[in-house]
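Here's the structure we're looking at; comments come further down.
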Amino acid sequence: MVNYGTAAPEIDLPEAQGRIPERLPEAARKEPTSFLGRIQEKKGCEELIRAFAAIEKSSLQLVIAGPCANDGYLQRLKRLTNKLDREKTITLSGMLTGNLKWGAFAAAEAFILPSHQENFGIAVVEALACGTPVLISNKINIWREIVNDGCGFAAEDDVAGTRCLIERWLATPTPERREMAASARLCFANHFEINRAADSMLRVLETRS
């Protein structure tokens, strides 16, 4: 399989991360976990909210950032958050762009995406580029690279699987989390950096010519 690629952010990540508390004070909490991407049913947002609400850990904060073209679905997510009494620990921030987006990736302890189907998952790769471990469903086609490179976990795309991802992350000791962060950058460089992905495509085309 040939993976798609993207470029690493050409910005000062610590500086971008430092701006996050101004825009998202919730993300300044002890253990922010982020979702960044288009907000739609395919992304498993409801499963994520339900799984997160089932975790009994007051210091954990979930930030769901991204555009939502369907206002009815967005309101449904907000009602679900209210119903589960998680307004203080789950934030639907709206879309983040530019340095704020990259700062949010860098500020997160982990990035989570329980999608029901993804050919690639560009937000996953962007998180890796920022050195952020990823917690994803096994319906995202790059989950094997993530698991094999030790920079994240994968599970089923339902509430139980998503809860398992969060609980597994919470049980991971700090030294191992740091190793996963370092592995995230290596995974990005080895598999998904745009030039490396282009080289991979050329090799495949050469073998078929």
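Chain identifiers are assigned as A, B, and so on, following the order in which chains appear in the structure tokens; residues are numbered from 1 within each chain, and ligands are numbered from 1 in order of appearance.
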
Contacts of A:Leu84 at 8 Å or less, counting only C-alpha atoms, minus same-chain residues fewer than 4 places along, as a list in words?
Arg50, Ala53 and Leu80 of chain A

Applying 10 Å and only C-alpha atoms, which residues near A:Leu170 remain after dropping the ones on its own chain fewer than 3 positions away? List them as a PyMOL selection string.
chain A and resi 31+55+57+60+164-167+173-174+177

Take the selection from the previous step and output its residues with C-alpha atoms, as a JSON list (two decimals), in the first residue's frame.
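Final file, result.json:
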[["chain", "number", "residue", "atom", "x", "y", "z"],
["A", 31, "GLU", "CA", -4.65, 16.20, 30.37],
["A", 55, "ILE", "CA", -14.40, 7.80, 32.13],
["A", 57, "LYS", "CA", -11.27, 11.22, 35.70],
["A", 60, "LEU", "CA", -9.28, 14.89, 31.62],
["A", 164, "CYS", "CA", -10.79, 1.15, 25.72],
["A", 165, "LEU", "CA", -8.53, 3.56, 23.83],
["A", 166, "ILE", "CA", -8.95, 6.28, 26.45],
["A", 167, "GLU", "CA", -8.50, 3.92, 29.39],
["A", 173, "PRO", "CA", 3.01, 5.63, 32.40],
["A", 174, "THR", "CA", 4.51, 9.04, 31.67],
["A", 177, "ARG", "CA", 3.96, 8.44, 26.77]]

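Reported to one decimal place, the separation of atom CA of A:Phe52 from atom CA of A:Glu87 is 11.9 Å.
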
Out of A:Glu145, A:Glu46, A:Glu22, A:Glu176, which residue has the shortest atom-to-atom distance to A:Arg79 when counting only C-alpha atoms?
A:Glu46

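Distances here use only C-alpha atoms; by that measure, the residue among A:Val159, A:Ile142, A:Leu96, A:Cys130 closest to A:Leu36 is A:Leu96.
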